[in-house]
file my_file_2.csv (CSV, C-alpha atoms)
chain,number,residue,atom,x,y,z
A,1,MET,CA,13.5,-9.0,14.5
A,2,GLU,CA,14.8,-5.5,13.7
A,3,LYS,CA,13.0,-3.4,11.1
A,4,ILE,CA,14.6,-0.4,9.4
A,5,LEU,CA,12.8,2.1,7.2
A,6,CYS,CA,15.2,3.7,4.8
A,7,PRO,CA,14.8,7.3,3.6
A,8,ASN,CA,13.7,6.2,0.2
A,9,GLY,CA,11.0,4.0,1.5
A,10,MET,CA,12.7,0.6,1.3
A,11,ARG,CA,12.3,-1.6,4.3
A,12,ILE,CA,15.1,-3.8,5.8
A,13,LEU,CA,14.3,-6.7,8.1
A,14,LEU,CA,17.0,-8.4,10.1
A,15,GLU,CA,16.4,-11.7,12.0
A,16,PRO,CA,19.8,-12.9,13.4
A,17,SER,CA,20.4,-16.4,14.6
A,18,GLU,CA,23.9,-17.0,16.1
A,19,SER,CA,23.5,-20.8,16.0
A,20,ALA,CA,23.2,-20.7,12.2
A,21,LYS,CA,26.2,-21.3,9.8
A,22,THR,CA,24.6,-19.6,6.8
A,23,ALA,CA,22.7,-16.4,6.0
A,24,THR,CA,19.7,-16.1,3.7
A,25,ILE,CA,19.2,-12.8,1.9
A,26,ALA,CA,16.0,-12.1,0.1
A,27,VAL,CA,14.6,-9.2,-1.8
A,28,PHE,CA,10.8,-9.0,-2.0
A,29,ILE,CA,9.3,-6.8,-4.7
A,30,ARG,CA,5.5,-6.0,-4.8
A,31,ALA,CA,5.4,-7.2,-8.5
A,32,GLY,CA,3.0,-10.1,-9.3
A,33,SER,CA,0.4,-11.2,-11.8
A,34,ARG,CA,-2.3,-9.5,-9.7
A,35,TYR,CA,-1.0,-6.1,-10.7
A,36,GLU,CA,-0.6,-6.7,-14.4
A,37,THR,CA,-3.0,-5.4,-17.1
A,38,LEU,CA,-4.2,-7.9,-19.7
A,39,SER,CA,-1.5,-6.8,-22.1
A,40,GLN,CA,1.1,-7.3,-19.4
A,41,TRP,CA,0.0,-10.8,-18.5
A,42,GLY,CA,3.1,-12.8,-17.6
A,43,LEU,CA,5.5,-9.8,-17.4
A,44,ALA,CA,6.2,-10.1,-13.7
A,45,HIS,CA,7.4,-13.7,-14.3
A,46,PHE,CA,9.3,-12.7,-17.4
A,47,VAL,CA,11.2,-9.9,-15.5
A,48,GLU,CA,12.1,-12.5,-12.9
A,49,HIS,CA,13.7,-14.6,-15.5
A,50,MET,CA,15.7,-11.7,-16.9
A,51,LEU,CA,17.2,-10.9,-13.6
A,52,PHE,CA,19.7,-13.7,-13.9
A,53,LYS,CA,20.8,-13.0,-17.5
A,54,GLY,CA,23.5,-10.5,-16.4
A,55,THR,CA,24.2,-7.0,-15.3
A,56,PRO,CA,26.7,-4.3,-16.4
A,57,LYS,CA,29.1,-5.7,-13.8
A,58,ARG,CA,28.6,-9.4,-14.3
A,59,THR,CA,27.7,-11.8,-17.1
A,60,ALA,CA,25.2,-14.6,-16.4
A,61,GLN,CA,28.2,-17.0,-16.2
A,62,GLN,CA,30.0,-14.8,-13.7
A,63,LEU,CA,26.9,-14.5,-11.6
A,64,ALA,CA,26.7,-18.3,-11.4
A,65,GLU,CA,30.5,-18.7,-10.7
A,66,GLN,CA,30.5,-16.0,-8.0
A,67,THR,CA,27.5,-17.6,-6.3
A,68,ASP,CA,29.2,-20.9,-6.2
A,69,MET,CA,32.4,-19.3,-5.0
A,70,ILE,CA,30.7,-18.2,-1.7
A,71,GLY,CA,28.9,-21.5,-1.2
A,72,GLY,CA,25.7,-19.9,-2.4
A,73,GLN,CA,22.4,-21.1,-3.7
A,74,SER,CA,20.4,-18.4,-5.6
A,75,ASN,CA,17.0,-18.5,-7.1
A,76,ALA,CA,13.8,-16.5,-7.5
A,77,PHE,CA,10.0,-17.0,-7.8
A,78,THR,CA,7.0,-15.0,-8.8
A,79,THR,CA,3.6,-15.2,-7.1
A,80,LYS,CA,0.3,-13.4,-7.8
A,81,GLU,CA,1.3,-10.6,-5.4
A,82,TYR,CA,5.1,-10.4,-5.2
A,83,THR,CA,8.4,-11.5,-6.7
A,84,CYS,CA,11.2,-12.8,-4.4
A,85,VAL,CA,14.9,-13.1,-5.3
A,86,TYR,CA,17.1,-14.8,-2.7
A,87,ILE,CA,20.5,-16.3,-2.0
A,88,ARG,CA,21.7,-18.6,0.8
A,89,ALA,CA,25.4,-18.5,1.5
A,90,LEU,CA,28.1,-19.1,4.1
A,91,SER,CA,27.9,-16.5,6.9
A,92,GLU,CA,31.3,-15.0,6.2
A,93,TYR,CA,30.2,-14.1,2.7
A,94,ASP,CA,27.0,-12.3,3.8
A,95,ALA,CA,27.9,-8.9,2.1
A,96,ASP,CA,29.1,-10.7,-1.1
A,97,ALA,CA,25.8,-12.6,-1.2
A,98,LEU,CA,23.9,-9.3,-0.8
A,99,ASP,CA,26.0,-7.7,-3.5
A,100,LEU,CA,25.0,-10.4,-6.0
A,101,VAL,CA,21.3,-10.3,-5.2
A,102,GLY,CA,21.2,-6.5,-5.2
A,103,ASP,CA,23.1,-6.2,-8.5
A,104,ILE,CA,20.6,-8.4,-10.4
A,105,VAL,CA,17.5,-6.8,-8.8
A,106,VAL,CA,18.6,-3.2,-9.5
A,107,ASN,CA,20.7,-3.5,-12.7
A,108,PRO,CA,19.5,-6.3,-15.0
A,109,LEU,CA,20.7,-5.8,-18.6
A,110,ILE,CA,17.5,-7.0,-20.3
A,111,SER,CA,19.2,-7.2,-23.6
A,112,PRO,CA,17.3,-8.0,-26.8
A,113,GLU,CA,19.3,-11.2,-27.3
A,114,ASP,CA,18.6,-12.4,-23.8
A,115,VAL,CA,14.9,-11.6,-24.1
A,116,GLU,CA,14.6,-13.8,-27.2
A,117,VAL,CA,16.4,-16.7,-25.4
A,118,GLU,CA,14.3,-16.4,-22.3
A,119,ARG,CA,11.1,-16.0,-24.4
A,120,GLY,CA,11.8,-19.5,-25.7
A,121,VAL,CA,12.5,-20.8,-22.2
A,122,ILE,CA,9.2,-19.4,-20.8
A,123,LEU,CA,7.2,-20.8,-23.8
A,124,GLU,CA,8.7,-24.2,-23.0
A,125,GLU,CA,7.8,-23.7,-19.3
A,126,ILE,CA,4.2,-23.1,-20.4
A,127,SER,CA,4.3,-26.3,-22.5
A,128,MET,CA,5.5,-28.2,-19.4
A,129,TYR,CA,2.6,-27.0,-17.4
A,130,GLU,CA,0.2,-27.9,-20.2
A,131,ASP,CA,1.5,-31.5,-19.9
A,132,SER,CA,0.6,-31.6,-16.2
A,133,PRO,CA,-3.1,-32.0,-15.4
A,134,GLU,CA,-2.3,-31.3,-11.7
A,135,ASP,CA,-0.8,-28.0,-12.5
A,136,LEU,CA,-3.5,-27.1,-15.0
A,137,ALA,CA,-6.3,-27.8,-12.5
A,138,GLY,CA,-4.3,-26.2,-9.7
A,139,ASP,CA,-4.3,-22.9,-11.7
A,140,GLY,CA,-7.7,-23.4,-13.2
A,141,ILE,CA,-9.5,-23.4,-9.8
A,142,TYR,CA,-8.6,-19.7,-9.4
A,143,GLU,CA,-10.3,-18.8,-12.7
A,144,ALA,CA,-13.3,-20.9,-11.6
A,145,VAL,CA,-13.6,-19.1,-8.3
A,146,TRP,CA,-12.5,-15.5,-9.3
A,147,GLY,CA,-13.4,-15.4,-13.0
A,148,LYS,CA,-11.7,-12.6,-14.9
A,149,ASP,CA,-10.3,-10.9,-11.9
A,150,PRO,CA,-6.4,-10.7,-12.1
A,151,LEU,CA,-6.3,-13.2,-9.2
A,152,GLY,CA,-7.9,-15.7,-11.5
A,153,ARG,CA,-5.1,-15.5,-14.0
A,154,THR,CA,-2.1,-17.8,-14.2
A,155,ILE,CA,1.2,-16.3,-13.1
A,156,ILE,CA,3.2,-17.5,-16.1
A,157,GLY,CA,1.0,-15.8,-18.8
A,158,LEU,CA,-0.3,-17.1,-22.1
A,159,PRO,CA,1.8,-18.1,-25.2
A,160,GLU,CA,0.3,-15.2,-27.1
A,161,THR,CA,1.2,-12.6,-24.5
A,162,ILE,CA,4.7,-14.0,-24.1
A,163,LYS,CA,5.3,-14.0,-27.9
A,164,ALA,CA,4.1,-10.4,-28.2
A,165,VAL,CA,5.9,-8.7,-25.4
A,166,THR,CA,8.8,-6.3,-26.4
A,167,VAL,CA,12.1,-5.5,-24.8
A,168,ASP,CA,10.9,-2.0,-24.0
A,169,GLU,CA,7.8,-3.3,-22.3
A,170,ILE,CA,9.9,-5.6,-20.1
A,171,ARG,CA,12.3,-2.8,-19.2
A,172,GLN,CA,9.4,-0.5,-18.4
A,173,PHE,CA,7.7,-3.1,-16.2
A,174,HIS,CA,11.0,-3.4,-14.2
A,175,GLN,CA,11.3,0.4,-13.9
A,176,SER,CA,7.7,0.8,-12.8
A,177,PHE,CA,7.5,-1.9,-10.2
A,178,TYR,CA,11.1,-2.3,-8.8
A,179,ARG,CA,10.8,0.9,-6.8
A,180,PRO,CA,12.2,1.3,-3.2
A,181,ASP,CA,8.9,1.9,-1.6
A,182,GLN,CA,7.7,-1.5,-2.8
A,183,MET,CA,10.9,-3.4,-2.0
A,184,ILE,CA,11.9,-5.3,1.2
A,185,LEU,CA,15.3,-6.7,2.1
A,186,ALA,CA,15.0,-9.6,4.5
A,187,VAL,CA,18.1,-11.1,6.1
A,188,SER,CA,18.1,-14.1,8.4
A,189,GLY,CA,20.7,-16.4,10.0
A,190,LYS,CA,24.2,-15.5,11.0
A,191,PHE,CA,25.4,-12.2,9.5
A,192,ASP,CA,27.3,-9.1,10.4
A,193,ARG,CA,24.8,-6.3,10.8
A,194,GLN,CA,27.1,-3.4,9.9
A,195,ARG,CA,28.4,-5.1,6.8
A,196,ILE,CA,24.8,-5.8,5.6
A,197,LEU,CA,23.6,-2.3,6.3
A,198,GLU,CA,26.6,-0.7,4.5
A,199,LYS,CA,26.2,-2.9,1.5
A,200,ALA,CA,22.4,-2.3,1.4
A,201,GLN,CA,23.1,1.5,1.4
A,202,GLU,CA,25.6,1.0,-1.5
A,203,LEU,CA,23.2,-1.0,-3.5
A,204,PHE,CA,19.8,0.5,-2.8
A,205,GLY,CA,20.4,3.9,-1.2
A,206,SER,CA,20.4,5.8,-4.5
A,207,LEU,CA,17.1,4.4,-5.7
A,208,SER,CA,14.3,6.9,-5.7
A,209,GLY,CA,10.7,7.3,-6.9
A,210,SER,CA,7.4,5.9,-5.9
A,211,SER,CA,5.5,3.2,-7.6
A,212,ASN,CA,2.1,4.9,-6.8
A,213,PHE,CA,0.8,1.5,-5.7
A,214,VAL,CA,-2.9,1.2,-5.2
A,215,ALA,CA,-4.2,-1.8,-3.4
A,216,PRO,CA,-6.6,-3.9,-5.6
A,217,GLN,CA,-10.2,-4.5,-4.7
A,218,PRO,CA,-11.1,-7.9,-3.3
A,219,PRO,CA,-12.3,-10.2,-6.1
A,220,ILE,CA,-15.9,-11.4,-6.3
A,221,TRP,CA,-16.4,-15.1,-5.8
A,222,GLN,CA,-18.1,-17.0,-8.7
A,223,PRO,CA,-20.6,-19.4,-7.1
A,224,ASN,CA,-20.5,-22.8,-8.6
A,225,GLY,CA,-17.8,-21.9,-11.1
A,226,ILE,CA,-16.4,-24.6,-13.3
A,227,TRP,CA,-13.1,-24.6,-15.2
A,228,VAL,CA,-12.3,-27.6,-17.5
A,229,LYS,CA,-9.4,-28.5,-19.7
A,230,LYS,CA,-9.5,-31.6,-21.8
A,231,LYS,CA,-6.1,-33.3,-22.2
A,232,ASP,CA,-4.9,-36.6,-23.5
A,233,THR,CA,-3.8,-38.0,-20.2
A,234,GLN,CA,-4.3,-41.2,-18.2
A,235,GLN,CA,-5.6,-39.4,-15.2
A,236,VAL,CA,-8.1,-36.6,-14.5
A,237,HIS,CA,-7.0,-34.1,-11.9
A,238,ILE,CA,-9.9,-32.5,-10.0
A,239,VAL,CA,-9.7,-29.5,-7.6
A,240,LEU,CA,-12.6,-28.3,-5.4
A,241,GLY,CA,-12.5,-24.7,-4.2
A,242,TYR,CA,-14.3,-23.1,-1.2
A,243,PRO,CA,-14.3,-19.4,-0.2
A,244,SER,CA,-12.0,-19.0,2.9
A,245,PRO,CA,-10.2,-16.3,5.0
A,246,SER,CA,-7.9,-13.8,3.4
A,247,ILE,CA,-4.2,-13.4,4.5
A,248,GLU,CA,-5.2,-10.8,7.1
A,249,ASP,CA,-7.8,-13.0,8.9
A,250,HIS,CA,-7.0,-14.4,12.4
A,251,ARG,CA,-9.1,-17.5,11.5
A,252,ASN,CA,-6.2,-18.8,9.5
A,253,VAL,CA,-4.8,-20.3,12.6
A,254,PRO,CA,-7.7,-22.6,13.4
A,255,LEU,CA,-8.0,-23.2,9.7
A,256,ALA,CA,-4.4,-24.6,9.6
A,257,VAL,CA,-5.5,-27.1,12.3
A,258,LEU,CA,-8.6,-28.0,10.4
A,259,ASN,CA,-6.6,-28.5,7.2
A,260,SER,CA,-4.4,-31.1,8.9
A,261,ILE,CA,-7.6,-33.0,9.7
A,262,VAL,CA,-9.2,-32.7,6.3
A,263,GLY,CA,-6.4,-33.5,4.0
A,264,GLY,CA,-3.1,-32.1,5.1
A,265,GLY,CA,-1.4,-35.3,6.0
A,266,ALA,CA,-1.3,-39.1,6.0
A,267,SER,CA,-3.7,-39.4,8.9
A,268,SER,CA,-6.2,-37.0,7.4
A,269,ARG,CA,-9.8,-38.1,6.7
A,270,LEU,CA,-9.5,-37.6,3.0
A,271,PHE,CA,-6.2,-39.5,2.6
A,272,GLN,CA,-7.4,-42.4,4.8
A,273,ARG,CA,-10.8,-42.8,3.2
A,274,ILE,CA,-10.1,-42.0,-0.5
A,275,ARG,CA,-6.7,-43.5,-0.9
A,276,GLU,CA,-6.0,-46.0,1.9
A,277,GLU,CA,-9.5,-47.5,2.3
A,278,LEU,CA,-11.0,-47.2,-1.2
A,279,GLY,CA,-8.0,-46.8,-3.5
A,280,LEU,CA,-9.8,-44.2,-5.6
A,281,ALA,CA,-6.8,-41.8,-5.9
A,282,TYR,CA,-3.1,-42.0,-5.6
A,283,SER,CA,-2.8,-38.3,-4.8
A,284,ILE,CA,-5.3,-36.4,-2.6
A,285,TYR,CA,-4.6,-33.5,-0.3
A,286,SER,CA,-6.1,-30.1,0.8
A,287,TYR,CA,-4.5,-26.7,1.1
A,288,GLN,CA,-5.2,-23.1,1.8
A,289,VAL,CA,-4.2,-20.2,-0.4
A,290,ASN,CA,-4.3,-16.7,1.1
A,291,HIS,CA,-4.2,-13.3,-0.7
A,292,ALA,CA,-4.9,-9.8,0.3
A,293,GLY,CA,-8.7,-9.6,0.7
A,294,ALA,CA,-9.3,-13.1,-0.6
A,295,GLY,CA,-8.7,-16.8,0.1
A,296,CYS,CA,-9.5,-20.2,-1.4
A,297,TYR,CA,-9.5,-23.5,0.4
A,298,SER,CA,-8.9,-26.4,-2.0
A,299,ILE,CA,-9.1,-30.1,-2.2
A,300,SER,CA,-7.0,-31.7,-4.9
A,301,ALA,CA,-7.2,-35.3,-6.3
A,302,GLY,CA,-5.8,-37.2,-9.2
A,303,VAL,CA,-8.0,-40.1,-10.3
A,304,SER,CA,-8.6,-42.4,-13.2
A,305,PRO,CA,-11.4,-41.4,-15.5
A,306,ASP,CA,-13.4,-44.4,-14.4
A,307,ASN,CA,-13.1,-43.4,-10.7
A,308,GLN,CA,-13.8,-39.7,-10.9
A,309,GLU,CA,-17.5,-39.8,-10.1
A,310,SER,CA,-17.0,-42.3,-7.2
A,311,ALA,CA,-14.1,-40.2,-5.9
A,312,LEU,CA,-16.0,-36.9,-6.0
A,313,ALA,CA,-19.0,-38.5,-4.3
A,314,GLU,CA,-16.8,-39.9,-1.5
A,315,ILE,CA,-14.9,-36.6,-1.1
A,316,LEU,CA,-18.1,-34.8,-0.5
A,317,ASN,CA,-19.3,-37.6,1.8
A,318,VAL,CA,-16.2,-37.2,3.9
A,319,LEU,CA,-16.7,-33.4,4.1
A,320,ASN,CA,-20.4,-33.9,5.0
A,321,LYS,CA,-19.4,-36.2,7.9
A,322,LEU,CA,-16.8,-33.7,9.0
A,323,THR,CA,-19.5,-31.0,9.6
A,324,ASP,CA,-20.6,-33.0,12.6
A,325,GLY,CA,-17.4,-32.0,14.2
A,326,VAL,CA,-13.8,-33.2,14.6
A,327,THR,CA,-12.8,-35.6,17.3
A,328,GLU,CA,-10.7,-34.7,20.3
A,329,SER,CA,-7.9,-37.0,19.1
A,330,GLU,CA,-7.9,-35.4,15.7
A,331,PHE,CA,-7.8,-32.0,17.3
A,332,ILE,CA,-4.8,-32.8,19.4
A,333,ARG,CA,-3.0,-34.6,16.6
A,334,ALA,CA,-3.6,-31.7,14.2
A,335,LYS,CA,-2.4,-29.1,16.7
A,336,ASN,CA,0.8,-31.1,17.2
A,337,GLN,CA,1.4,-31.2,13.4
A,338,VAL,CA,0.9,-27.4,13.1
A,339,ARG,CA,3.2,-26.8,16.1
A,340,ALA,CA,5.9,-28.9,14.5
A,341,GLY,CA,5.6,-27.0,11.3
A,342,ILE,CA,6.1,-23.7,13.1
A,343,ALA,CA,9.1,-25.0,15.1
A,344,MET,CA,10.8,-26.4,11.9
A,345,SER,CA,10.3,-23.2,10.0
A,346,TYR,CA,12.2,-21.3,12.7
A,347,GLU,CA,15.1,-23.7,12.5
A,348,ASN,CA,15.8,-22.8,8.9
A,349,THR,CA,17.3,-19.5,7.8
A,350,TYR,CA,15.5,-19.7,4.4
A,351,ASN,CA,12.1,-20.2,6.0
A,352,LEU,CA,12.8,-17.4,8.4
A,353,ALA,CA,13.6,-14.9,5.6
A,354,MET,CA,10.5,-16.0,3.7
A,355,GLY,CA,8.3,-15.7,6.7
A,356,ILE,CA,9.3,-12.2,7.7
A,357,GLY,CA,9.5,-10.9,4.1
A,358,ARG,CA,6.1,-12.3,3.2
A,359,ARG,CA,4.4,-10.8,6.3
A,360,GLU,CA,6.0,-7.4,5.6
A,361,ILE,CA,4.9,-7.4,1.9
A,362,TYR,CA,1.3,-7.9,3.1
A,363,ASN,CA,1.8,-5.2,5.8
A,364,LEU,CA,1.2,-7.8,8.5
A,365,PRO,CA,2.8,-7.4,12.0
A,366,TYR,CA,5.9,-9.5,12.7
A,367,LYS,CA,5.3,-12.5,14.9
A,368,SER,CA,8.0,-14.4,16.7
A,369,GLU,CA,8.0,-18.2,17.1
A,370,ASP,CA,6.7,-17.8,20.7
A,371,GLN,CA,3.9,-15.5,19.5
A,372,LEU,CA,2.8,-18.0,16.8
A,373,LEU,CA,2.9,-20.9,19.2
A,374,ALA,CA,0.9,-18.9,21.7
A,375,GLU,CA,-1.8,-18.2,19.0
A,376,LEU,CA,-1.9,-21.9,18.2
A,377,GLU,CA,-2.1,-22.9,21.8
A,378,ALA,CA,-5.1,-20.6,22.2
A,379,VAL,CA,-7.1,-22.3,19.5
A,380,THR,CA,-9.9,-24.4,21.0
A,381,HIS,CA,-11.7,-27.5,19.7
A,382,GLN,CA,-14.7,-25.2,19.2
A,383,ASP,CA,-12.7,-22.8,17.1
A,384,VAL,CA,-11.8,-25.6,14.7
A,385,ASN,CA,-15.4,-26.8,14.6
A,386,GLU,CA,-16.6,-23.3,13.7
A,387,MET,CA,-14.2,-23.3,10.7
A,388,LEU,CA,-16.1,-26.3,9.3
A,389,SER,CA,-18.7,-23.9,8.0
A,390,LEU,CA,-16.5,-23.0,5.1
A,391,LEU,CA,-17.0,-26.5,3.7
A,392,LYS,CA,-20.7,-25.6,3.3
A,393,GLY,CA,-19.8,-22.6,1.2
A,394,PRO,CA,-20.3,-22.2,-2.6
A,395,VAL,CA,-18.0,-24.8,-4.0
A,396,CYS,CA,-16.3,-24.4,-7.4
A,397,LEU,CA,-14.5,-27.0,-9.4
A,398,ALA,CA,-11.5,-27.3,-11.9
A,399,ALA,CA,-10.6,-30.4,-13.8
A,400,ALA,CA,-8.0,-31.3,-16.4
A,401,GLY,CA,-7.6,-34.6,-18.2
A,402,GLN,CA,-8.9,-36.8,-20.9
A,403,THR,CA,-12.5,-37.1,-19.9
A,404,ALA,CA,-12.9,-33.9,-18.0
A,405,ASP,CA,-16.6,-32.9,-18.7
A,406,PRO,CA,-18.3,-29.9,-17.1
A,407,GLU,CA,-21.8,-31.5,-17.4
A,408,LEU,CA,-20.5,-34.5,-15.3
A,409,TYR,CA,-19.3,-32.2,-12.6
A,410,ARG,CA,-22.3,-29.9,-12.2
A,411,GLN,CA,-24.2,-32.4,-10.1
A,412,PHE,CA,-21.4,-32.2,-7.5
A,413,ILE,CA,-21.3,-28.5,-7.0
A,414,ARG,CA,-24.9,-27.4,-7.0

call {"tool": "encode", "arguments": {"input": "my_file_2.csv", "output": "structure tokens"}}
result
Amino acid sequence: MEKILCPNGMRILLEPSESAKTATIAVFIRAGSRYETLSQWGLAHFVEHMLFKGTPKRTAQQLAEQTDMIGGQSNAFTTKEYTCVYIRALSEYDADALDLVGDIVVNPLISPEDVEVERGVILEEISMYEDSPEDLAGDGIYEAVWGKDPLGRTIIGLPETIKAVTVDEIRQFHQSFYRPDQMILAVSGKFDRQRILEKAQELFGSLSGSSNFVAPQPPIWQPNGIWVKKKDTQQVHIVLGYPSPSIEDHRNVPLAVLNSIVGGGASSRLFQRIREELGLAYSIYSYQVNHAGAGCYSISAGVSPDNQESALAEILNVLNKLTDGVTESEFIRAKNQVRAGIAMSYENTYNLAMGIGRREIYNLPYKSEDQLLAELEAVTHQDVNEMLSLLKGPVCLAAAGQTADPELYRQFIR
């Protein structure tokens, strides 16, 4: 991978792949819900929506038509710590694809009329999440574990903040955060280097100014935190959360192996015991979320109200048995699963762009496929067993559904 630091502070990452037939072009911006004030809650996501509503050069319809004309697929997403806008297109249209993405990132119109339309869209999006106990509990676990810290907030915001935000506030947020020193252009696949650099200079070269970014302090874990949302649903969705390594921690590699064993796949202990043997849940899985200075390891299960106590007891029983150590066959099988995931990610230009951009936004060193595979190969059985200690940490719980009851859950997280 080639990294270029521009005079204005913007970083350009180039990861060519001559065997590819497409190019993925992504702009990462350090603008996420973690950096919002309470009055700005949901603004990073709101700005992301406004990027596709047109620029001085192109209407929203023209953006869509020109994207289709180059065989492109364009989208964006907002996380707690960054926003990413990307396009995938045929290789011969690499500069045209970059022109489209750069235009919407740098020059969104953010007109009053479009703000009102998108305000309604986002309020509907919030309502959609409110109808999904899995999404509610999946977000709620972060409030349970990090309390009032910005990492504990939802990305999308609250209806009251979305209703109250003004056009000027949206424009100001864009101007404050979309600065070159906090922007990364990641390009992967098959592309012409010179065309990309010339177009990047045209689009971003005149940008100036610093965002005065200050890294946030790590959040304080809330031991035995509980978050509950009662909803009229047929299922209760429950998420357990354990303190775990941050994005910078080298222990994430053995943790990835352990996750495959705990609940990361069909052969995992949780899936086999809770779903296949006992039929207590249709959906059960585990996952790791990493942030700068913080991490949360979660176990998520959707169960009927009548089964929630039995399911929780069995989940904890599975975790308790795991602390005796993973078997050799589990260790080998899990390493192969992680190895396959690494290999597959490097076969896809989108995954390549996401990987290099995400590492750069966190100021983590670039790692090639061979380097990642070497790190995985170096993980020992003992390394994975040592990660089991996180399952003894202070557990928190989030639940959403008809009979979600904090008093019922306290017995499981003491």

call {"tool": "closest_atom_pairs", "arguments": {"input": "my_file_2.csv", "of": "range 195-296 of chain A", "to": "range 81-88 of chain A", "cutoff": "12 Å", "atoms": "all atoms listed in the file", "output": "JSON lines"}}
result
{"residue": "A:Ala215", "atom": "CA", "partner": "A:Glu81", "partner_atom": "CA", "distance": 10.6}
{"residue": "A:Pro216", "atom": "CA", "partner": "A:Glu81", "partner_atom": "CA", "distance": 10.4}
{"residue": "A:Ile247", "atom": "CA", "partner": "A:Glu81", "partner_atom": "CA", "distance": 11.7}
{"residue": "A:Asn290", "atom": "CA", "partner": "A:Glu81", "partner_atom": "CA", "distance": 10.5}
{"residue": "A:His291", "atom": "CA", "partner": "A:Glu81", "partner_atom": "CA", "distance": 7.7}
{"residue": "A:Ala292", "atom": "CA", "partner": "A:Glu81", "partner_atom": "CA", "distance": 8.5}
{"residue": "A:Gly293", "atom": "CA", "partner": "A:Glu81", "partner_atom": "CA", "distance": 11.8}
{"residue": "A:Ala294", "atom": "CA", "partner": "A:Glu81", "partner_atom": "CA", "distance": 11.9}

call {"tool": "residues_around", "arguments": {"input": "my_file_2.csv", "residues": "range 189-196 of chain A", "least_positions_apart": "3", "cutoff": "8 Å", "atoms": "all atoms listed in the file", "output": "ChimeraX atom specification"}}
result
/A:15-24,91-92,94-95,98,199-200,349

call {"tool": "residues_near_point", "arguments": {"input": "my_file_2.csv", "point": "(-0.2, -25.1, 12.5)", "cutoff": "6 Å", "atoms": "all atoms listed in the file", "output": "list of chain:residue names"}}
result
A:Ala256, A:Val257, A:Val338, A:Arg339

call {"tool": "write_last_selection", "arguments": {"input": "my_file_2.csv", "atoms": "C-alpha atoms", "output": "short mmCIF file (atom, residue, chain, number, x, y, z; two decimals), in the coordinates of the input"}}
result
data_model
loop_
_atom_site.label_atom_id
_atom_site.label_comp_id
_atom_site.auth_asym_id
_atom_site.auth_seq_id
_atom_site.Cartn_x
_atom_site.Cartn_y
_atom_site.Cartn_z
CA ALA A 256 -4.40 -24.60 9.60
CA VAL A 257 -5.50 -27.10 12.30
CA VAL A 338 0.90 -27.40 13.10
CA ARG A 339 3.20 -26.80 16.10
#

call {"tool": "closest_residue", "arguments": {"input": "my_file_2.csv", "among": "A:Phe177, A:Pro56, A:Ser132, A:Gly341", "to": "Asn212 in chain A", "atoms": "only C-alpha atoms"}}
result
A:Phe177

call {"tool": "closest_residue", "arguments": {"input": "my_file_2.csv", "among": "A:Asp96, A:Glu36, A:Ser188, A:Pro406", "to": "Asn351 in chain A", "atoms": "all atoms listed in the file"}}
result
A:Ser188

call {"tool": "closest_atom_pairs", "arguments": {"input": "my_file_2.csv", "of": "range 196-313 of chain A", "to": "range 388-404 of chain A", "cutoff": "9 Å", "atoms": "all atoms listed in the file", "output": "JSON lines"}}
result
{"residue": "A:Trp221", "atom": "CA", "partner": "A:Pro394", "partner_atom": "CA", "distance": 8.7}
{"residue": "A:Gln222", "atom": "CA", "partner": "A:Cys396", "partner_atom": "CA", "distance": 7.7}
{"residue": "A:Pro223", "atom": "CA", "partner": "A:Pro394", "partner_atom": "CA", "distance": 5.3}
{"residue": "A:Asn224", "atom": "CA", "partner": "A:Cys396", "partner_atom": "CA", "distance": 4.7}
{"residue": "A:Gly225", "atom": "CA", "partner": "A:Cys396", "partner_atom": "CA", "distance": 4.7}
{"residue": "A:Ile226", "atom": "CA", "partner": "A:Leu397", "partner_atom": "CA", "distance": 5.0}
{"residue": "A:Trp227", "atom": "CA", "partner": "A:Ala398", "partner_atom": "CA", "distance": 4.6}
{"residue": "A:Val228", "atom": "CA", "partner": "A:Ala399", "partner_atom": "CA", "distance": 4.9}
{"residue": "A:Lys229", "atom": "CA", "partner": "A:Ala400", "partner_atom": "CA", "distance": 4.5}
{"residue": "A:Lys230", "atom": "CA", "partner": "A:Gly401", "partner_atom": "CA", "distance": 5.1}
{"residue": "A:Lys231", "atom": "CA", "partner": "A:Gly401", "partner_atom": "CA", "distance": 4.5}
{"residue": "A:Asp232", "atom": "CA", "partner": "A:Gln402", "partner_atom": "CA", "distance": 4.8}
{"residue": "A:Thr233", "atom": "CA", "partner": "A:Gln402", "partner_atom": "CA", "distance": 5.3}
{"residue": "A:Gln234", "atom": "CA", "partner": "A:Gln402", "partner_atom": "CA", "distance": 6.9}
{"residue": "A:Gln235", "atom": "CA", "partner": "A:Gly401", "partner_atom": "CA", "distance": 6.0}
{"residue": "A:Val236", "atom": "CA", "partner": "A:Gly401", "partner_atom": "CA", "distance": 4.2}
{"residue": "A:His237", "atom": "CA", "partner": "A:Ala400", "partner_atom": "CA", "distance": 5.4}
{"residue": "A:Ile238", "atom": "CA", "partner": "A:Ala399", "partner_atom": "CA", "distance": 4.4}
{"residue": "A:Val239", "atom": "CA", "partner": "A:Ala398", "partner_atom": "CA", "distance": 5.2}
{"residue": "A:Leu240", "atom": "CA", "partner": "A:Leu397", "partner_atom": "CA", "distance": 4.6}
{"residue": "A:Gly241", "atom": "CA", "partner": "A:Cys396", "partner_atom": "CA", "distance": 5.0}
{"residue": "A:Tyr242", "atom": "CA", "partner": "A:Val395", "partner_atom": "CA", "distance": 4.9}
{"residue": "A:Pro243", "atom": "CA", "partner": "A:Gly393", "partner_atom": "CA", "distance": 6.5}
{"residue": "A:Ser244", "atom": "CA", "partner": "A:Leu390", "partner_atom": "CA", "distance": 6.4}
{"residue": "A:Leu255", "atom": "CA", "partner": "A:Leu388", "partner_atom": "CA", "distance": 8.7}
{"residue": "A:Leu258", "atom": "CA", "partner": "A:Leu388", "partner_atom": "CA", "distance": 7.8}
{"residue": "A:Tyr297", "atom": "CA", "partner": "A:Leu390", "partner_atom": "CA", "distance": 8.4}
{"residue": "A:Pro305", "atom": "CA", "partner": "A:Thr403", "partner_atom": "CA", "distance": 6.2}
